[in-house]
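S.K.: If you scroll down you'll find the structure; I have some questions about it.
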Protein chains: 2
Amino acid sequence: MSLDLESVTDPATYVAEPGLKTVSIGELSFETGGYLPEVELAYETWGTLNANKSNAILIQHALTGDTHAASSEALPEAGWWENIIGSGKAIDTNKWFVMAVNMVGGCYGSTGPASLDEKQQAYGSKFPFVTIRDSVNAEAKLANILGIERFHAIIGGSMGGGRALEWAAMYPDRVNGVGVIACGGQSTAEQIAFAQTQVDAIRLDPNFKGGDYYDGPAPVHGLGIARQIAHINYRSEPELNARFGRAFQGNENPLESAVTSRTGRYQVESYLDYKAKDLAGRFDANSYVALTEALMSHDVGRHRGGQAAAVAGITATPFIVAVNSDRLYFPEQSYQLAADFGPHTPVHMIDSPIGHDGFLTDLHQVADAMITTLGL
Amino acid sequence: MSLDLESVTDPATYVAEPGLKTVSIGELSFETGGYLPEVELAYETWGTLNANKSNAILIQHALTGDTHAASSEALPEAGWWENIIGSGKAIDTNKWFVMAVNMVGGCYGSTGPASLDEKQQAYGSKFPFVTIRDSVNAEAKLANILGIERFHAIIGGSMGGGRALEWAAMYPDRVNGVGVIACGGQSTAEQIAFAQTQVDAIRLDPNFKGGDYYDGPAPVHGLGIARQIAHINYRSEPELNARFGRAFQGNENPLESAVTSRTGRYQVESYLDYKAKDLAGRFDANSYVALTEALMSHDVGRHRGGQAAAVAGITATPFIVAVNSDRLYFPEQSYQLAADFGPHTPVHMIDSPIGHDGFLTDLHQVADAMITTLGL
């Protein structure tokens, strides 16, 4: 069990890609009391905003996602929803002006804990607590600047689903249709429990230093463990067992060494080490903590008399999707959300053996229903 | 997310209870190459061994379990299988001589990493890698010393189920019946994956020092996180959500503080903090690592041509039990094991909403079947 992160020499590779647009939305007061004198939001766009600005669709990324939902001329690499966004695809960029915003608190171009304050020092531990509602507030300011009064649709998966749902709840007059993919109306006890272990692992890393680590090595080990815990829940037990079983990694032997220092690994451990390294090399630990806390804050019913009452105030047409093997956002939670929208609200089911990550790989399965429901 | 372990002042409270029996089994060579010149095993007993020593039943504890399966005059506190072991109970101590042995590598009386070597120093990082088969070998030596040639039954839950199954595979002539409760024939990819995150969290604790921490503070934070990850999987998602939901703990507010240092907690976090503290105060981190590795080594088919071939060599009558809400040892794994025993081997199902831990709380549900199957 050797999480070798020595090759992660430059965790600062999570700086924004060139090609991103960045706009200052000015000051931002946060829901739980925080305040920043100036916040920038980074975003990507596809297609062209029409003259009366009525063809905008907002795509919301997940916890460690970014704005790169689809390829573009400026950024030709495939995006995470490449299957459904593009010319001639379900979300047709010949017809729609599509945009994706990096969430405030993140590390892909928008203001986050690694950003510099007025004294040119990283915010670190001084960064405010962020909620999903804060992210929506910030994005609404961006929409104002762009002159977009109303989105034809706001669609997101996992945490992005929570961000989309909150948009519809906070600004019912600004959202025609809302796509909530692999996400319920609130984060559950189990999600909070697993999140706790992840954040605690980051805090346990001696390099974390309470969040003020930017002048030293990054807490990549704690972040790596957090990612591993999370990633197990992004997949399904049968998939992990079918792919890896108890196989040993290459010539390594996990039964060979002294117990406290063994270096041989099972294949599934090597796989998770790769996932840990990958995230540690591209994501800021403080952003991971901030966005994880934001996701745990997700509760559309908070201060609105509960989920049913909150959903009753939503006027956008709902498009609700679950993955049948998801054991992080169980389909039951999507069914509950759909029921709160009304007795005839269907849950569109992605059939995938891989678990939660099916929302990334297989959303195209329900593309026809999405086009019909959201009028795309 | 504040794992306050300051109250855990004396992690050495995991020393053996008075009332335990301890016997030296002499030297022990371990499966993967380790060697100890002298190993002691601690055990408890209930009832009386008959003249021809034919009424012995061995009860096998789980990962962080101990020998205290039931109360006794010497140790009147209720045991973890109090429901089924005792005078007039399913495993009737008026009839049977029941014993439970602390596994080698553990910290409840048997030789483990915290034990002293010949130089009177704790083994720590020098403690050998332990497999389930090593534990069976050690216990067979103890049985030899006690003159027990054959057990009427060996019964265990979770890791104890693996220990029982290995007994039946290694010593078919010494086991009449084998009870494998909430455990399959091998540890799966997902179990290995979650175990990796737990062991890595312990290793990340600055107090761990590669396993040689006995002259300083114990790595209670890492151990606590490990326990929390494990414990979430010992329960079920619906149970956690029904018990805790998104409720805040007392007057605490998890949305209130700065993101990297928040102290307010959700109720489910407080619950897991309690579980972490409880284990950190009673269990040695090195033993947790050693026994976790042993559990991950569990594979009855290893070097025996696979699980089906290994099970074909078992002559003991199988008694196989699963918990219908278990998502750590899925019932499917018990069904596979039963199928390998033969087409008419039933899986007895505990009906419980709480998940894996149902094997501790509700084994009495299948007591009648156990009595019939194992001839108790």
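Convention: chains lettered A, B, ... in structure tokens order; per-chain residue numbering from 1; ligands numbered from 1 as shown.
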What's the 10 Å shell around region 106-122 of chain A, counting only C-alpha atoms, without same-chain residues fewer than 5 positions away, as a count of residues only?

M.R.: 47

S.K.: Neighbours of Leu360 (chain A) within 10 Å (only C-alpha atoms; same-chain residues fewer than 3 positions away dropped), as number ranges by chain?

M.R.: A: 62, 80-83, 157-158, 181-182, 356-357, 363-364

S.K.: Keeping only N, CA, C and O atoms, write the selected residues as a short mmCIF file (atom, residue, chain, number, x, y, z; two decimals), in the first residue's frame.

M.R.:
```
data_model
loop_
_atom_site.label_atom_id
_atom_site.label_comp_id
_atom_site.auth_asym_id
_atom_site.auth_seq_id
_atom_site.Cartn_x
_atom_site.Cartn_y
_atom_site.Cartn_z
N ALA A 62 -19.05 18.77 -12.10
CA ALA A 62 -19.07 18.02 -10.84
C ALA A 62 -17.89 18.44 -9.95
O ALA A 62 -17.14 19.35 -10.29
N TRP A 80 -15.72 16.41 -20.97
CA TRP A 80 -16.29 15.32 -20.17
C TRP A 80 -17.73 14.98 -20.58
O TRP A 80 -18.22 13.92 -20.18
N TRP A 81 -18.39 15.83 -21.32
CA TRP A 81 -19.68 15.47 -21.90
C TRP A 81 -19.61 15.60 -23.43
O TRP A 81 -20.56 16.03 -24.07
N GLU A 82 -18.47 15.21 -23.98
CA GLU A 82 -18.25 15.29 -25.43
C GLU A 82 -19.35 14.58 -26.21
O GLU A 82 -19.74 14.99 -27.30
N ASN A 83 -19.87 13.51 -25.59
CA ASN A 83 -20.91 12.70 -26.24
C ASN A 83 -22.18 13.47 -26.58
O ASN A 83 -22.91 13.11 -27.51
N GLY A 157 -24.40 17.29 -13.74
CA GLY A 157 -24.33 15.94 -13.19
C GLY A 157 -23.60 15.92 -11.86
O GLY A 157 -22.71 16.73 -11.62
N SER A 158 -24.01 15.03 -10.97
CA SER A 158 -23.41 14.91 -9.65
C SER A 158 -23.51 16.28 -8.96
O SER A 158 -24.61 16.83 -8.91
N ILE A 181 -28.83 15.42 -13.02
CA ILE A 181 -28.33 14.11 -13.44
C ILE A 181 -27.54 13.48 -12.29
O ILE A 181 -26.59 14.08 -11.78
N ALA A 182 -27.93 12.29 -11.88
CA ALA A 182 -27.20 11.54 -10.84
C ALA A 182 -26.99 12.38 -9.59
O ALA A 182 -25.90 12.46 -9.03
N HIS A 356 -21.80 5.40 -10.32
CA HIS A 356 -22.04 6.84 -10.45
C HIS A 356 -21.42 7.43 -11.71
O HIS A 356 -22.04 8.26 -12.38
N ASP A 357 -20.19 7.04 -12.02
CA ASP A 357 -19.50 7.62 -13.19
C ASP A 357 -20.24 7.39 -14.50
O ASP A 357 -19.89 8.00 -15.52
N LEU A 363 -24.46 9.46 -20.60
CA LEU A 363 -25.64 10.33 -20.62
C LEU A 363 -26.35 10.29 -21.98
O LEU A 363 -27.57 10.49 -22.07
N HIS A 364 -25.57 9.97 -23.04
CA HIS A 364 -26.18 9.92 -24.38
C HIS A 364 -27.30 8.89 -24.46
O HIS A 364 -28.14 8.95 -25.35
#
```

S.K.: Could you find all residues in region 105-232 of chain B that DSSP calls alpha helix (DSSP H) from the backbone, and write them as a PyMOL selection string?

M.R.: chain B and resi 132-146+159-170+189-204+220-232

S.K.: Pick out the chain B residues within 8 Å of chain A. Count only C-alpha atoms. Give them as a VMD selection string.

M.R.: chain B and resid 1 to 3 32 to 34 125 to 130 187 to 190 192 to 194 196 to 197 199 to 201 204 to 206 210 to 211 221 to 222 225 228 to 229 232 237 240 to 241 244 to 246 255 to 261 266 268 to 269 272 286 289 to 290 293 297

S.K.: Within 7 Å of Gly184 (chain B), counting only C-alpha atoms, which residues show up once you throw out same-chain ones fewer than 3 positions away? Write them as a PyMOL selection string, please.

M.R.: chain B and resi 329+333-334+337

S.K.: I'd like the contact shell of region 149-153 of chain A - 8 Å cut-off, only C-alpha atoms, skipping same-chain residues fewer than 4 positions apart - returned as a PyMOL selection string.

M.R.: chain A and resi 53-58+143-144+173-179+374

S.K.: Once you have the residues from the selection above, write them out as an mmCIF file, in the first residue's frame, restricted to N, CA and C atoms.

M.R.:
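That gives us again-v8.cif:
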```
data_model
loop_
_atom_site.group_PDB
_atom_site.id
_atom_site.type_symbol
_atom_site.label_atom_id
_atom_site.label_comp_id
_atom_site.auth_asym_id
_atom_site.auth_seq_id
_atom_site.Cartn_x
_atom_site.Cartn_y
_atom_site.Cartn_z
ATOM 1 N N LYS A 53 -30.624 36.927 -26.933
ATOM 2 C CA LYS A 53 -29.985 36.200 -25.822
ATOM 3 C C LYS A 53 -30.916 35.162 -25.192
ATOM 4 N N SER A 54 -31.629 34.460 -26.034
ATOM 5 C CA SER A 54 -32.605 33.487 -25.539
ATOM 6 C C SER A 54 -32.155 32.038 -25.743
ATOM 7 N N ASN A 55 -30.958 31.846 -26.276
ATOM 8 C CA ASN A 55 -30.543 30.471 -26.597
ATOM 9 C C ASN A 55 -29.386 29.960 -25.732
ATOM 10 N N ALA A 56 -29.307 30.460 -24.496
ATOM 11 C CA ALA A 56 -28.198 30.063 -23.624
ATOM 12 C C ALA A 56 -28.524 28.821 -22.808
ATOM 13 N N ILE A 57 -27.569 27.920 -22.756
ATOM 14 C CA ILE A 57 -27.667 26.715 -21.914
ATOM 15 C C ILE A 57 -26.440 26.674 -21.021
ATOM 16 N N LEU A 58 -26.686 26.480 -19.739
ATOM 17 C CA LEU A 58 -25.590 26.436 -18.775
ATOM 18 C C LEU A 58 -25.343 24.979 -18.359
ATOM 19 N N ALA A 143 -24.084 35.916 -15.392
ATOM 20 C CA ALA A 143 -25.145 35.956 -16.415
ATOM 21 C C ALA A 143 -25.620 37.392 -16.624
ATOM 22 N N ASN A 144 -25.721 38.146 -15.536
ATOM 23 C CA ASN A 144 -26.115 39.556 -15.665
ATOM 24 C C ASN A 144 -25.122 40.314 -16.547
ATOM 25 N N ASP A 173 -37.495 32.404 -12.333
ATOM 26 C CA ASP A 173 -37.827 33.160 -13.551
ATOM 27 C C ASP A 173 -36.694 33.154 -14.573
ATOM 28 N N ARG A 174 -35.575 32.537 -14.213
ATOM 29 C CA ARG A 174 -34.414 32.616 -15.111
ATOM 30 C C ARG A 174 -34.047 31.268 -15.714
ATOM 31 N N VAL A 175 -34.872 30.241 -15.487
ATOM 32 C CA VAL A 175 -34.542 28.893 -15.949
ATOM 33 C C VAL A 175 -35.772 28.248 -16.575
ATOM 34 N N ASN A 176 -35.713 27.938 -17.859
ATOM 35 C CA ASN A 176 -36.840 27.252 -18.506
ATOM 36 C C ASN A 176 -36.883 25.761 -18.171
ATOM 37 N N GLY A 177 -35.695 25.134 -18.205
ATOM 38 C CA GLY A 177 -35.644 23.693 -17.947
ATOM 39 C C GLY A 177 -34.420 23.352 -17.112
ATOM 40 N N VAL A 178 -34.550 22.356 -16.261
ATOM 41 C CA VAL A 178 -33.437 22.008 -15.377
ATOM 42 C C VAL A 178 -33.149 20.506 -15.455
ATOM 43 N N GLY A 179 -31.901 20.169 -15.761
ATOM 44 C CA GLY A 179 -31.498 18.771 -15.832
ATOM 45 C C GLY A 179 -30.676 18.392 -14.617
ATOM 46 N N LEU A 374 -36.581 18.908 -22.605
ATOM 47 C CA LEU A 374 -36.067 20.272 -22.436
ATOM 48 C C LEU A 374 -36.216 21.106 -23.706
#
```

S.K.: Could you please write out, as a list in words, every residue of region 173-336 of chain A that DSSP assigns to strand (DSSP E)?

M.R.: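 The residues of region 173-336 of chain A classed as strand (DSSP E) are Val175, Asn176, Gly177, Val178, Gly179, Val180, Ile181, Thr317, Pro318, Phe319, Ile320, Val321, Ala322 and Val323 of chain A.
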
S.K.: To one decimal place in Å, what is the distance between CA of Asp351 (chain A) and CA of Val323 (chain A)?

M.R.: 6.2 Å

S.K.: Restricting the calculation to only C-alpha atoms, which member of A:Ser135, A:Ser29, A:Thr372, A:Gln307 is positioned closest to Ala338 (chain A)?

M.R.: A:Gln307

S.K.: How many Å lie between CA of Phe319 (chain A) and CA of Thr373 (chain A), rounded to one decimal?

M.R.: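 Spanning CA of Phe319 (chain A) to CA of Thr373 (chain A) is a straight-line distance of 6.5 Å.
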